[in-house]
Structure formats: structure tokens, C-alpha cells
file upload.txt (compact mmCIF, C-alpha atoms)
# COMPACT_ATOMS: atom_id res chain seq x y z
CA VAL V 160 119.81 110.94 128.64
CA ASN V 161 118.50 114.50 129.06
CA ILE V 162 121.14 115.78 126.63
CA LEU V 163 120.35 113.08 124.08
CA CYS V 164 116.61 113.65 124.23
CA CYS V 165 116.92 117.43 124.05
CA GLY V 166 119.22 117.04 121.05
CA GLU V 167 116.68 114.85 119.29
CA ILE V 168 113.85 117.27 120.16
CA ALA V 169 115.88 120.16 118.73
CA LYS V 170 116.47 118.22 115.50
CA MET V 171 112.77 117.47 115.25
CA VAL V 172 111.85 121.14 115.68
CA ILE V 173 114.28 122.05 112.90
CA LYS V 174 112.66 119.44 110.69
CA MET V 175 109.21 120.89 111.45
CA VAL V 176 110.33 124.42 110.65
CA THR V 177 111.89 123.26 107.39
CA ALA V 178 108.69 121.39 106.53
CA GLY V 179 106.65 124.56 107.01
CA HIS V 180 104.62 123.62 110.11
CA SER V 181 102.90 126.53 111.86
CA LYS V 182 104.48 128.22 114.89
CA ALA V 183 101.48 127.31 117.01
CA LYS V 184 101.85 123.60 116.18
CA ILE V 185 105.57 123.69 116.87
CA LEU V 186 105.10 125.44 120.23
CA PHE V 187 102.34 123.03 121.25
CA ILE V 188 104.43 119.92 120.52
CA LEU V 189 107.54 121.48 122.06
CA SER V 190 105.73 122.30 125.30
CA PHE V 191 104.40 118.76 125.45
CA LEU V 192 107.80 117.17 124.87
CA LEU V 193 109.44 119.32 127.54
CA SER V 194 106.86 118.25 130.12
CA VAL V 195 107.50 115.13 132.21
CA PRO V 196 104.81 113.00 130.48
CA GLY V 197 106.01 114.17 127.09
CA PHE V 198 109.64 113.42 127.91
CA VAL V 199 108.76 109.86 129.01
CA TYR V 200 106.60 109.37 125.92
CA PHE V 201 109.35 110.59 123.60
CA PHE V 202 111.97 108.39 125.26
CA PHE V 203 110.05 105.11 125.23
CA GLN V 204 107.90 105.22 122.11
CA THR V 205 108.94 103.02 119.19
CA LYS V 206 108.37 105.85 116.73
CA THR V 207 108.83 109.59 116.91
CA LEU V 208 105.75 111.78 117.01
CA LEU V 209 105.47 113.21 113.53
CA PRO V 210 105.13 111.14 110.34
CA SER V 211 106.92 113.88 108.40
CA TYR V 212 109.90 113.44 110.72
CA THR V 213 110.06 109.65 110.92
CA SER V 214 109.54 108.21 107.47
CA THR V 215 107.65 108.31 104.23
CA LYS V 216 104.27 106.64 103.85
CA GLU V 217 105.91 103.79 101.94
CA GLN V 218 108.12 103.00 104.96
CA MET V 219 105.30 102.45 107.44
CA GLN V 220 105.09 98.97 108.94
CA ILE V 221 102.57 96.55 107.46
CA ASP V 222 100.56 95.27 110.43
CA SER V 223 100.32 91.55 109.74
CA PRO V 224 103.31 89.20 109.21
CA ARG V 225 101.11 87.25 106.79
CA LEU V 226 100.48 90.43 104.78
CA ARG V 227 104.22 91.13 104.68
CA ILE V 228 104.97 87.69 103.29
CA THR V 229 102.05 87.88 100.86
CA GLN V 230 103.36 91.21 99.53
CA THR V 231 106.83 89.73 99.07
CA LYS V 232 105.41 86.61 97.42
CA LYS V 233 103.38 88.66 94.93
CA MET V 234 106.44 90.66 93.89
CA TYR V 235 108.45 87.46 93.50
CA ALA V 236 105.68 85.88 91.41
CA ARG V 237 106.00 88.66 88.82
CA ASN V 238 109.52 87.53 87.98
CA LYS V 239 110.64 84.02 88.89
CA GLU V 240 114.24 84.88 87.98
CA THR V 241 114.41 87.45 90.77
CA ILE V 242 116.61 86.78 93.78
CA THR V 243 114.86 88.11 96.87
CA VAL V 244 117.10 90.02 99.29
CA PHE V 245 116.11 90.29 102.96
CA TYR V 246 118.03 93.21 104.40
CA ASN V 247 118.29 93.84 108.16
CA VAL V 248 119.10 97.52 108.76
CA TYR V 249 119.87 99.01 112.19
CA THR V 250 120.06 102.76 112.79
CA ASN V 251 120.91 104.22 116.20
CA PRO V 252 117.68 105.94 117.31
CA TRP V 253 119.65 108.76 118.94
CA SER V 254 121.72 109.58 115.89
CA TYR V 255 121.23 111.57 112.70
CA GLY V 256 121.39 108.25 110.83
CA SER V 257 124.38 109.25 108.72
CA LEU V 258 126.46 106.20 109.66
CA ALA V 259 123.71 103.71 108.84
CA LYS V 260 122.86 105.61 105.66
CA SER V 261 126.47 105.47 104.46
CA ILE V 262 126.58 101.71 105.12
CA VAL V 263 123.26 101.16 103.33
CA ASP V 264 124.42 103.22 100.35
CA GLU V 265 127.64 101.18 100.19
CA GLN V 266 125.84 97.83 100.28
CA MET V 267 123.08 98.86 97.89
CA LYS V 268 125.71 99.64 95.24
CA GLY V 269 126.17 95.88 94.91
CA ILE V 270 122.49 95.24 94.16
CA GLY V 271 122.01 93.96 90.64
CA SER V 272 119.11 93.82 88.22
CA ILE V 273 118.27 90.30 89.42
CA HIS V 274 117.78 91.44 93.03
CA GLN V 275 114.55 92.57 94.71
CA VAL V 276 115.32 94.13 98.11
CA PHE V 277 113.02 93.92 101.15
CA VAL V 278 114.05 95.73 104.31
CA ARG V 279 113.31 95.09 107.96
CA SER V 280 114.60 98.19 109.77
CA ILE V 281 115.35 98.66 113.47
CA GLY V 282 115.85 101.86 115.48
CA LYS V 283 115.45 105.13 113.62
CA PRO V 284 113.77 104.86 110.19
CA ILE V 285 115.85 106.05 107.25
CA GLN V 286 115.16 106.43 103.56
CA ILE V 287 116.35 103.50 101.44
CA GLU V 288 115.97 103.87 97.71
CA HIS V 289 115.11 100.96 95.41
CA ALA V 290 113.88 98.85 98.34
CA THR V 291 110.57 97.91 99.95
CA ILE V 292 110.22 98.34 103.72
CA LEU V 293 108.49 95.24 105.09
CA GLN V 294 108.70 96.06 108.77
CA HIS V 295 110.07 98.67 111.15
CA ASP V 296 110.70 98.14 114.87
CA TYR V 297 112.25 100.39 117.48
CA LYS V 298 114.00 97.37 119.02
CA GLY V 299 114.84 93.97 117.60
CA ASP V 300 117.50 91.66 116.27
CA GLU V 301 118.36 89.48 113.28
CA PRO V 302 116.10 86.46 114.05
CA GLN V 303 112.96 88.50 113.31
CA THR V 304 114.32 89.38 109.85
CA LEU V 305 115.43 85.79 109.29
CA GLU V 306 111.88 84.71 110.14
CA LEU V 307 110.55 86.84 107.26
CA LEU V 308 113.05 85.13 104.95
CA TYR V 309 112.11 81.72 106.37
CA HIS V 310 108.35 82.16 105.83
CA PHE V 311 108.99 83.41 102.31
CA CYS V 312 110.96 80.24 101.55
CA VAL V 313 108.27 78.00 103.03
CA GLU V 314 105.83 79.47 100.49
CA ASN V 315 108.33 79.74 97.61
CA PRO V 316 110.44 76.55 97.62
CA ASN V 317 111.93 77.21 94.17
CA ALA V 318 113.20 80.68 95.04
CA THR V 319 116.70 81.83 95.96
CA VAL V 320 117.21 84.33 98.77
CA VAL V 321 119.98 86.61 100.03
CA TYR V 322 120.44 87.64 103.64
CA LEU V 323 122.24 90.94 104.29
CA HIS V 324 122.57 93.20 107.29
CA SER V 325 124.15 96.58 107.96
CA LYS V 326 127.10 95.23 109.93
CA GLY V 327 128.96 98.05 111.63
CA SER V 328 125.95 100.30 112.19
CA PHE V 329 125.61 99.01 115.78
CA HIS V 330 129.32 98.52 116.62
CA HIS V 331 131.26 100.79 114.30
CA LYS V 332 134.87 99.68 113.94
CA LYS V 333 137.27 99.05 111.08
CA GLN V 334 137.11 95.26 111.42
CA ASN V 335 133.33 95.35 110.98
CA ASP V 336 133.67 97.58 107.93
CA ARG V 337 136.16 95.18 106.38
CA LEU V 338 134.08 92.08 107.19
CA ARG V 339 130.87 93.71 105.88
CA GLN V 340 132.50 94.61 102.57
CA PHE V 341 133.98 91.11 102.21
CA LEU V 342 130.65 89.39 102.93
CA THR V 343 128.46 91.76 100.90
CA ARG V 344 130.47 91.14 97.76
CA GLY V 345 129.99 87.39 98.08
CA ALA V 346 126.28 87.55 98.95
CA LEU V 347 125.52 89.74 95.93
CA SER V 348 127.92 88.02 93.53
CA GLU V 349 126.99 86.36 90.24
CA GLU V 350 128.81 83.23 91.42
CA CYS V 351 126.59 82.79 94.48
CA ALA V 352 123.48 83.80 92.53
CA HIS V 353 124.19 80.92 90.15
CA MET V 354 125.75 78.49 92.59
CA PRO V 355 126.20 74.86 91.42
CA ASP V 356 123.25 72.52 91.82
CA GLN V 357 125.00 70.54 94.55
CA CYS V 358 125.29 73.64 96.77
CA ASN V 359 122.38 75.02 98.78
CA ILE V 360 124.22 77.90 100.54
CA CYS V 361 126.90 80.22 99.21
CA SER V 362 128.96 82.91 100.95
CA SER V 363 132.37 84.56 100.84
CA ARG V 364 133.64 82.08 103.43
CA PHE V 365 132.15 79.06 105.22
CA SER V 366 133.76 77.86 108.43
CA PRO V 367 133.03 74.59 110.28
CA HIS V 368 134.76 75.99 113.38
CA PRO V 369 133.83 76.49 116.14
CA HIS V 370 130.39 75.64 114.76
CA PRO V 371 129.21 75.62 111.11
CA HIS V 372 128.68 79.27 110.19
CA THR V 373 129.72 82.28 108.13
CA SER V 374 131.30 84.90 110.38
CA GLY V 375 129.25 88.06 109.93
CA ASN V 376 126.21 86.11 108.67
CA MET V 377 125.59 87.16 105.06
CA TRP V 378 124.86 84.57 102.41
CA VAL V 379 122.74 83.25 99.54
CA ALA V 380 120.54 80.18 100.03
CA LYS V 381 118.09 78.03 98.11
CA CYS V 382 114.60 78.03 99.59
CA GLU V 383 114.17 74.29 99.07
CA TYR V 384 116.85 73.94 101.77
CA VAL V 385 115.81 76.87 104.01
CA ARG V 386 112.25 75.57 104.40
CA LYS V 387 113.64 72.44 106.12
CA LEU V 388 115.03 74.50 108.99
CA ILE V 389 113.54 75.28 112.39
CA ASN V 390 111.83 78.67 112.58
CA PRO V 391 114.71 81.07 113.44
CA ILE V 392 112.65 82.65 116.23
CA GLU V 393 112.55 79.24 117.95
CA PHE V 394 116.06 78.13 117.03
CA ALA V 395 118.11 79.84 119.76
CA GLN V 396 115.97 78.35 122.53
CA LYS V 397 116.06 74.92 120.87
CA MET V 398 119.87 75.08 120.84
CA GLU V 399 119.93 76.03 124.52
CA ASP V 400 117.61 73.11 125.32
CA ILE V 401 119.64 70.41 123.58
CA TYR V 402 122.96 71.60 125.03
CA HIS V 403 121.59 71.81 128.57
CA ASP V 404 119.30 68.79 128.84
CA GLY V 405 122.28 66.55 129.64
CA ASP V 406 121.18 63.87 127.19
CA SER V 407 121.08 65.14 123.58
CA ILE V 408 124.80 65.95 123.26
CA LYS V 409 127.05 63.20 124.59
CA GLY V 410 130.58 63.80 125.82
CA ILE V 411 129.96 67.26 127.25
CA THR V 412 127.90 68.19 130.29
CA PRO V 413 125.74 71.31 130.61
CA GLY V 414 128.22 72.59 133.19
CA GLU V 415 131.08 72.19 130.73
CA VAL V 416 129.07 73.97 128.02
CA ASP V 417 128.65 76.96 130.31
CA LYS V 418 132.43 77.20 130.80
CA TYR V 419 132.90 78.07 127.13
CA HIS V 420 131.91 81.22 125.26
CA PRO V 421 128.51 80.83 123.51
CA SER V 422 130.24 81.34 120.14
CA TRP V 423 131.87 77.91 120.48
CA PHE V 424 128.52 76.16 120.11
CA GLY V 425 126.39 78.67 118.22
CA LEU V 426 124.40 79.56 121.33
CA GLY V 427 122.82 82.84 122.39
CA ARG V 428 123.20 85.58 119.81
CA TYR V 429 125.51 83.34 117.78
CA ALA V 430 122.55 81.06 117.02
CA ALA V 431 121.58 83.52 114.26
CA GLU V 432 124.85 82.72 112.43
CA HIS V 433 124.55 78.99 113.05
CA TRP V 434 120.88 78.68 112.00
CA ILE V 435 121.38 78.59 108.22
CA TYR V 436 123.94 75.76 108.52
CA SER V 437 122.05 73.77 111.15
CA HIS V 438 120.44 71.06 108.97
CA PRO V 439 122.23 67.79 108.05
CA SER V 440 121.46 68.29 104.33
CA VAL V 441 123.52 71.50 104.18
CA VAL V 442 126.05 71.73 101.33
CA PRO V 443 127.91 75.05 101.57
CA CYS V 444 129.99 76.69 98.88
CA ASP V 445 132.37 79.58 99.46
CA LEU V 446 134.15 82.03 97.20
CA ALA V 447 137.42 83.41 98.58
CA SER V 448 140.27 81.51 96.90
CA ASP V 449 142.80 79.31 98.70
CA GLU V 450 145.31 82.14 99.00
CA TYR V 451 143.14 83.73 101.71
CA LYS V 452 143.48 81.73 104.93
CA PHE V 453 140.71 83.65 106.64
CA THR V 454 138.30 81.25 108.32
CA TRP V 455 136.32 83.03 111.04
CA GLY V 456 136.42 86.02 113.38
CA TYR V 457 138.36 89.10 112.28
CA GLU V 458 141.93 87.97 111.67
CA GLY V 459 143.03 88.01 108.04
CA ILE V 460 139.79 89.25 106.44
CA PRO V 461 140.40 89.64 102.68
CA ASP V 462 139.81 92.91 100.83
CA GLN V 463 136.45 93.34 99.13
CA ASP V 464 138.07 92.81 95.73
CA PHE V 465 139.28 89.32 96.70
CA GLN V 466 139.87 86.69 94.04
CA ILE V 467 136.83 84.46 93.58
CA ASP V 468 137.19 80.69 93.22
CA LEU V 469 133.95 78.92 94.14
CA LYS V 470 134.39 75.56 95.90
CA ILE V 471 132.30 73.30 98.08
CA GLY V 472 133.20 73.88 101.73
CA PRO V 473 135.00 73.44 103.93
CA ARG V 474 137.71 74.72 101.62
CA PHE V 475 140.74 73.92 103.78
CA GLU V 476 142.15 70.87 105.50
CA LYS V 477 141.08 70.21 109.07
CA GLN V 478 144.24 71.63 110.66
CA VAL V 479 143.55 75.10 109.27
CA PHE V 480 140.34 75.24 111.32
CA GLN V 481 141.90 74.01 114.57
CA PRO V 482 140.47 73.61 117.10
CA PHE V 483 137.94 71.95 114.80
CA ALA V 484 134.27 71.50 115.70
CA ASP V 485 133.78 67.88 116.77
CA PRO V 486 131.97 66.09 113.88
CA LEU V 487 130.36 63.69 116.36
CA ARG V 488 128.96 66.60 118.35
CA ILE V 489 127.54 68.18 115.19
CA GLN V 490 125.92 64.85 114.19
CA GLN V 491 124.31 64.62 117.62
CA GLU V 492 123.12 68.19 117.24
CA TYR V 493 121.52 67.37 113.87
CA LEU V 494 119.75 64.40 115.42
CA ALA V 495 118.48 66.42 118.38
CA LEU V 496 117.31 69.33 116.22
CA TYR V 497 115.81 67.51 113.25
CA ASN V 498 115.77 63.82 114.16
CA GLU V 499 118.17 63.29 111.27
CA PRO V 500 121.86 62.29 111.66
call {"tool": "encode", "arguments": {"input": "upload.txt", "output": "C-alpha cells"}}
result
Amino acid sequence: VNILCCGEIAKMVIKMVTAGHSKAKILFILSFLLSVPGFVYFFFQTKTLLPSYTSTKEQMQIDSPRLRITQTKKMYARNKETITVFYNVYTNPWSYGSLAKSIVDEQMKGIGSIHQVFVRSIGKPIQIEHATILQHDYKGDEPQTLELLYHFCVENPNATVVYLHSKGSFHHKKQNDRLRQFLTRGALSEECAHMPDQCNICSSRFSPHPHPHTSGNMWVAKCEYVRKLINPIEFAQKMEDIYHDGDSIKGITPGEVDKYHPSWFGLGRYAAEHWIYSHPSVVPCDLASDEYKFTWGYEGIPDQDFQIDLKIGPRFEKQVFQPFADPLRIQQEYLALYNEP
């Protein structure tokens, strides 16, 4: 920890020198940071000390969630044809930010003229061109960004939204790079932007197993559907409640639920992937053609230039998704969550 903090302090001093701060100011801040109170402050604060080091004025957090949604709504109102993108970006706070920046640059290349990008960033702030920063937090997860998207849809039922995140910036590995590129192409595609009327969600691949979701959690959705959902901040706890009350889901006891990995039911952190498909009125479409047998996880992820053939999901026969999510269990889940079978 000492090494990490000293490294970050050194980088900040270099930034200050480059920015032309006086020697007296640099020495004062350096002496403070190297003291015990300063070290603790630097380690635990959600932002670094100097605005010139952390972010531009445009990237500062807007205080009120209502103001954030109002700002987004006003921008949407200027052009009803715009598709609003909610982009969750994580940057390791102890890094230079180069990994996250390279991922952001890669994903932003897919942004089209019809897209308006709003960012909720986590960790270390980084510059993102052609985007509006709605919120920055030192710590956080996807549900808080999904909540911004959800509230926007509640107020704009005729809108279409995209959810993206910088997959691979937290756990950097080749499989995450491949999955991110596969999902980003679908979420920003013309086909999903103009999905058929009968669809209300579109992604590169929808899977009903082991629970209805898109592995990697990037998609396009119609707000008239999204606004029917439970607030994503409340959703994970609601899922835990119905699977552990011993009454809502028949045929499996709470003890049996706990024997399985949370991903089998869309519990815990996997609730964020399950949330968008959690309502009984969901009609998903997916893009990757039948030649790609990828369903979920990491095995067999297509290249980012995969052949597109939009169909209503699930695309494959039941045996391809084995072991298949029990349709009766999902119906009971719908009833417990929304009082609709």
C-alpha cells in the first residue's frame, strides 16, 4: 500500500510541475501527503486533492440524481431520434488509467451519429471525449448506472436506450476483451437500434440459461419496457428474498439454492445481468447468426465482425442451452417479482 500511494503521490507531483504550480504549493501539499493524516486522507478519499489532477470541470459530479436525469432528459428532448447510451466506466484508482482509456477509445469508435453518450465513472476519473459525465464515484457497481438508465426511461417512455460498460477494465483478460468487443458491436449496431416492433431488447446474444440474460450485460432496450421493471438498486435484494423465503419458488428450498453458484439463478452480482430480462413481457432479439453456437459464459465467443442475422430469442433449440432454466421456475419468479405470470 505504501508503494502504491507513494507512486500515486509522485505522479501527482509531476502533474503539478507540468501544470506550472509554484514550488511552495508543491512542497506544502507534498509535506501534508507524507504525514500520517495526509496519507490516510489520500488513501480513503473518493477524489484526489487537486482538480487539475483529477478531472476537467465538465467531469465533476452533479449533486442531485434528479438533476442528472433532468439534464439527460433535456438533451434527449432536443432530438427524439437520439438513442441514449448509458456507459459504466471503471478505472483502477491506483493506475495511470491507460487500460481503461484504451477500452473506452475502442468502444467509443462504435458510437454513431444517432447516439448520445452519458457516462457514470467509477475509480479514477479519465477524460472521455464526445460524452457527458453524469456521475463519478470512487467506489460503485453497475446497478447505480442502471438506475440512471431506469429513471430516464420512467420519464421518457418512448425513448430507446443502450447500456454499455468497460468490460475488462476491472479484470483484464483476453476472454473479457473478446466478449466486450462482441457485445459492443451488437449494442451499437443499426440492427438493434432499429429492432422489430415485437422486440423490446436486443443484444449480440440472448441466453435463457441458466437464467434469462446476456452474458457480459450490454444491450439495447425500449423504455416502454424498461419502465415496467423493478428499480435495479432494489432488484438484487428482491431476488434474494423470493429465492430464500421458502414459498415464492416451488420445487427448490432455500438450502438447495445456496448449494448452487449465484449465477445459476441471477443472484448476487449476477442480478445486474438478469434485471433487464426479469419481466414477463420481455421479448428479446439477438444478432449472432446460427453458425455461432455461443450461448453464455466465455466458450466459443464469436469475433467482433460476426455475421448478423437478427432473430427473436432464444435462437436455438432447448438442447443447445442444456441444462436449461426451468420455465416453471421462471414463471414463479415473474409472479413473485411483478405479480404477473
call {"tool": "closest_atom_pairs", "arguments": {"input": "upload.txt", "of": "stretch 423-500 of chain V", "to": "stretch 348-362 of chain V", "cutoff": "8 Å", "atoms": "only C-alpha atoms", "output": "tab-separated table"}}
result
residue	atom	partner	partner_atom	distance
V:Val441	CA	V:Asn359	CA	6.5
V:Val442	CA	V:Cys358	CA	5.0
V:Pro443	CA	V:Ile360	CA	4.8
V:Cys444	CA	V:Cys361	CA	4.7
V:Asp445	CA	V:Ser362	CA	5.0
V:Leu446	CA	V:Ser362	CA	6.5
V:Leu469	CA	V:Glu350	CA	7.2
V:Ile471	CA	V:Cys358	CA	7.1
call {"tool": "atom_distance", "arguments": {"input": "upload.txt", "atom1": "atom CA of V:Gln491", "atom2": "atom CA of V:Asp406"}}
result
10.1 Å
call {"tool": "closest_residue", "arguments": {"input": "upload.txt", "among": "V:Met398, V:Leu496, V:Ile467, V:Ala290", "to": "V:Pro439", "atoms": "only C-alpha atoms"}}
result
V:Leu496
call {"tool": "residues_around", "arguments": {"input": "upload.txt", "residues": "stretch 411-428 of chain V", "least_positions_apart": "2", "cutoff": "10 Å", "atoms": "all atoms listed in the file", "output": "CSV table (one decimal) with C-alpha atoms, keeping the file's coordinate frame"}}
result
chain,number,residue,atom,x,y,z
V,300,ASP,CA,117.5,91.7,116.3
V,301,GLU,CA,118.4,89.5,113.3
V,302,PRO,CA,116.1,86.5,114.0
V,368,HIS,CA,134.8,76.0,113.4
V,369,PRO,CA,133.8,76.5,116.1
V,370,HIS,CA,130.4,75.6,114.8
V,371,PRO,CA,129.2,75.6,111.1
V,372,HIS,CA,128.7,79.3,110.2
V,394,PHE,CA,116.1,78.1,117.0
V,395,ALA,CA,118.1,79.8,119.8
V,396,GLN,CA,116.0,78.4,122.5
V,397,LYS,CA,116.1,74.9,120.9
V,398,MET,CA,119.9,75.1,120.8
V,399,GLU,CA,119.9,76.0,124.5
V,400,ASP,CA,117.6,73.1,125.3
V,401,ILE,CA,119.6,70.4,123.6
V,402,TYR,CA,123.0,71.6,125.0
V,403,HIS,CA,121.6,71.8,128.6
V,404,ASP,CA,119.3,68.8,128.8
V,405,GLY,CA,122.3,66.6,129.6
V,406,ASP,CA,121.2,63.9,127.2
V,407,SER,CA,121.1,65.1,123.6
V,408,ILE,CA,124.8,66.0,123.3
V,409,LYS,CA,127.0,63.2,124.6
V,430,ALA,CA,122.6,81.1,117.0
V,431,ALA,CA,121.6,83.5,114.3
V,432,GLU,CA,124.8,82.7,112.4
V,433,HIS,CA,124.6,79.0,113.0
V,434,TRP,CA,120.9,78.7,112.0
V,437,SER,CA,122.0,73.8,111.2
V,484,ALA,CA,134.3,71.5,115.7
V,488,ARG,CA,129.0,66.6,118.4
V,489,ILE,CA,127.5,68.2,115.2
call {"tool": "atom_distance", "arguments": {"input": "upload.txt", "atom1": "atom CA of V:Tyr436", "atom2": "atom CA of V:Ala346"}}
result
15.4 Å
call {"tool": "closest_residue", "arguments": {"input": "upload.txt", "among": "V:Ala259, V:Tyr249, V:Ser366, V:His331", "to": "V:Lys452", "atoms": "all atoms listed in the file"}}
result
V:Ser366
call {"tool": "atom_distance", "arguments": {"input": "upload.txt", "atom1": "atom CA of V:Ser272", "atom2": "atom CA of V:Tyr384"}}
result
24.2 Å
call {"tool": "residues_around", "arguments": {"input": "upload.txt", "residues": "V:Lys268", "least_positions_apart": "2", "cutoff": "12 Å", "atoms": "all atoms listed in the file", "output": "PDB file with C-alpha atoms, keeping the file's coordinate frame"}}
result
ATOM      1  CA  SER V 261     126.470 105.470 104.460  1.00  0.00           C
ATOM      2  CA  ILE V 262     126.580 101.710 105.120  1.00  0.00           C
ATOM      3  CA  VAL V 263     123.260 101.160 103.330  1.00  0.00           C
ATOM      4  CA  ASP V 264     124.420 103.220 100.350  1.00  0.00           C
ATOM      5  CA  GLU V 265     127.640 101.180 100.190  1.00  0.00           C
ATOM      6  CA  GLN V 266     125.840  97.830 100.280  1.00  0.00           C
ATOM      7  CA  ILE V 270     122.490  95.240  94.160  1.00  0.00           C
ATOM      8  CA  GLY V 271     122.010  93.960  90.640  1.00  0.00           C
ATOM      9  CA  SER V 272     119.110  93.820  88.220  1.00  0.00           C
ATOM     10  CA  HIS V 274     117.780  91.440  93.030  1.00  0.00           C
ATOM     11  CA  ILE V 287     116.350 103.500 101.440  1.00  0.00           C
ATOM     12  CA  GLU V 288     115.970 103.870  97.710  1.00  0.00           C
ATOM     13  CA  HIS V 289     115.110 100.960  95.410  1.00  0.00           C
ATOM     14  CA  GLN V 340     132.500  94.610 102.570  1.00  0.00           C
ATOM     15  CA  THR V 343     128.460  91.760 100.900  1.00  0.00           C
ATOM     16  CA  ARG V 344     130.470  91.140  97.760  1.00  0.00           C
ATOM     17  CA  LEU V 347     125.520  89.740  95.930  1.00  0.00           C
ATOM     18  CA  SER V 348     127.920  88.020  93.530  1.00  0.00           C
TER      19      SER V 348
END
call {"tool": "decode", "arguments": {"input": "upload.txt", "residues": "stretch 313-326 of chain V", "atoms": "N, CA, C and O atoms", "output": "PDB file, in the first residue's frame"}}
result
ATOM      1  N   VAL V 313     -38.283   5.862 -17.148  1.00  0.00           N
ATOM      2  CA  VAL V 313     -39.550   6.171 -16.481  1.00  0.00           C
ATOM      3  C   VAL V 313     -40.096   7.500 -16.993  1.00  0.00           C
ATOM      4  O   VAL V 313     -41.301   7.661 -17.202  1.00  0.00           O
ATOM      5  N   GLU V 314     -39.200   8.459 -17.219  1.00  0.00           N
ATOM      6  CA  GLU V 314     -39.627   9.792 -17.657  1.00  0.00           C
ATOM      7  C   GLU V 314     -39.688   9.935 -19.177  1.00  0.00           C
ATOM      8  O   GLU V 314     -40.240  10.919 -19.678  1.00  0.00           O
ATOM      9  N   ASN V 315     -39.142   8.974 -19.906  1.00  0.00           N
ATOM     10  CA  ASN V 315     -39.111   9.049 -21.372  1.00  0.00           C
ATOM     11  C   ASN V 315     -39.541   7.700 -21.966  1.00  0.00           C
ATOM     12  O   ASN V 315     -38.729   6.972 -22.533  1.00  0.00           O
ATOM     13  N   PRO V 316     -40.796   7.340 -21.838  1.00  0.00           N
ATOM     14  CA  PRO V 316     -41.252   6.004 -22.242  1.00  0.00           C
ATOM     15  C   PRO V 316     -41.109   5.695 -23.721  1.00  0.00           C
ATOM     16  O   PRO V 316     -41.108   4.526 -24.108  1.00  0.00           O
ATOM     17  N   ASN V 317     -40.985   6.699 -24.562  1.00  0.00           N
ATOM     18  CA  ASN V 317     -40.863   6.469 -25.999  1.00  0.00           C
ATOM     19  C   ASN V 317     -39.414   6.385 -26.477  1.00  0.00           C
ATOM     20  O   ASN V 317     -39.164   6.207 -27.666  1.00  0.00           O
ATOM     21  N   ALA V 318     -38.478   6.513 -25.549  1.00  0.00           N
ATOM     22  CA  ALA V 318     -37.062   6.516 -25.913  1.00  0.00           C
ATOM     23  C   ALA V 318     -36.521   5.097 -26.057  1.00  0.00           C
ATOM     24  O   ALA V 318     -37.141   4.113 -25.627  1.00  0.00           O
ATOM     25  N   THR V 319     -35.346   5.009 -26.660  1.00  0.00           N
ATOM     26  CA  THR V 319     -34.580   3.767 -26.739  1.00  0.00           C
ATOM     27  C   THR V 319     -33.228   4.023 -26.075  1.00  0.00           C
ATOM     28  O   THR V 319     -32.633   5.086 -26.260  1.00  0.00           O
ATOM     29  N   VAL V 320     -32.756   3.063 -25.298  1.00  0.00           N
ATOM     30  CA  VAL V 320     -31.519   3.248 -24.550  1.00  0.00           C
ATOM     31  C   VAL V 320     -30.544   2.102 -24.834  1.00  0.00           C
ATOM     32  O   VAL V 320     -30.943   0.992 -25.181  1.00  0.00           O
ATOM     33  N   VAL V 321     -29.262   2.416 -24.670  1.00  0.00           N
ATOM     34  CA  VAL V 321     -28.191   1.429 -24.767  1.00  0.00           C
ATOM     35  C   VAL V 321     -27.493   1.365 -23.418  1.00  0.00           C
ATOM     36  O   VAL V 321     -27.268   2.407 -22.778  1.00  0.00           O
ATOM     37  N   TYR V 322     -27.158   0.147 -22.988  1.00  0.00           N
ATOM     38  CA  TYR V 322     -26.316   0.007 -21.803  1.00  0.00           C
ATOM     39  C   TYR V 322     -24.980  -0.604 -22.213  1.00  0.00           C
ATOM     40  O   TYR V 322     -24.945  -1.682 -22.814  1.00  0.00           O
ATOM     41  N   LEU V 323     -23.900   0.112 -21.899  1.00  0.00           N
ATOM     42  CA  LEU V 323     -22.538  -0.355 -22.153  1.00  0.00           C
ATOM     43  C   LEU V 323     -21.733  -0.286 -20.868  1.00  0.00           C
ATOM     44  O   LEU V 323     -22.039   0.520 -19.982  1.00  0.00           O
ATOM     45  N   HIS V 324     -20.705  -1.103 -20.768  1.00  0.00           N
ATOM     46  CA  HIS V 324     -19.725  -0.912 -19.700  1.00  0.00           C
ATOM     47  C   HIS V 324     -18.349  -1.348 -20.182  1.00  0.00           C
ATOM     48  O   HIS V 324     -18.229  -2.084 -21.166  1.00  0.00           O
ATOM     49  N   SER V 325     -17.336  -0.863 -19.492  1.00  0.00           N
ATOM     50  CA  SER V 325     -15.946  -1.066 -19.932  1.00  0.00           C
ATOM     51  C   SER V 325     -15.429  -2.424 -19.474  1.00  0.00           C
ATOM     52  O   SER V 325     -14.454  -2.508 -18.722  1.00  0.00           O
ATOM     53  N   LYS V 326     -16.070  -3.480 -19.936  1.00  0.00           N
ATOM     54  CA  LYS V 326     -15.703  -4.828 -19.501  1.00  0.00           C
ATOM     55  C   LYS V 326     -14.231  -5.099 -19.794  1.00  0.00           C
ATOM     56  O   LYS V 326     -13.761  -4.879 -20.906  1.00  0.00           O
TER      57      LYS V 326
END
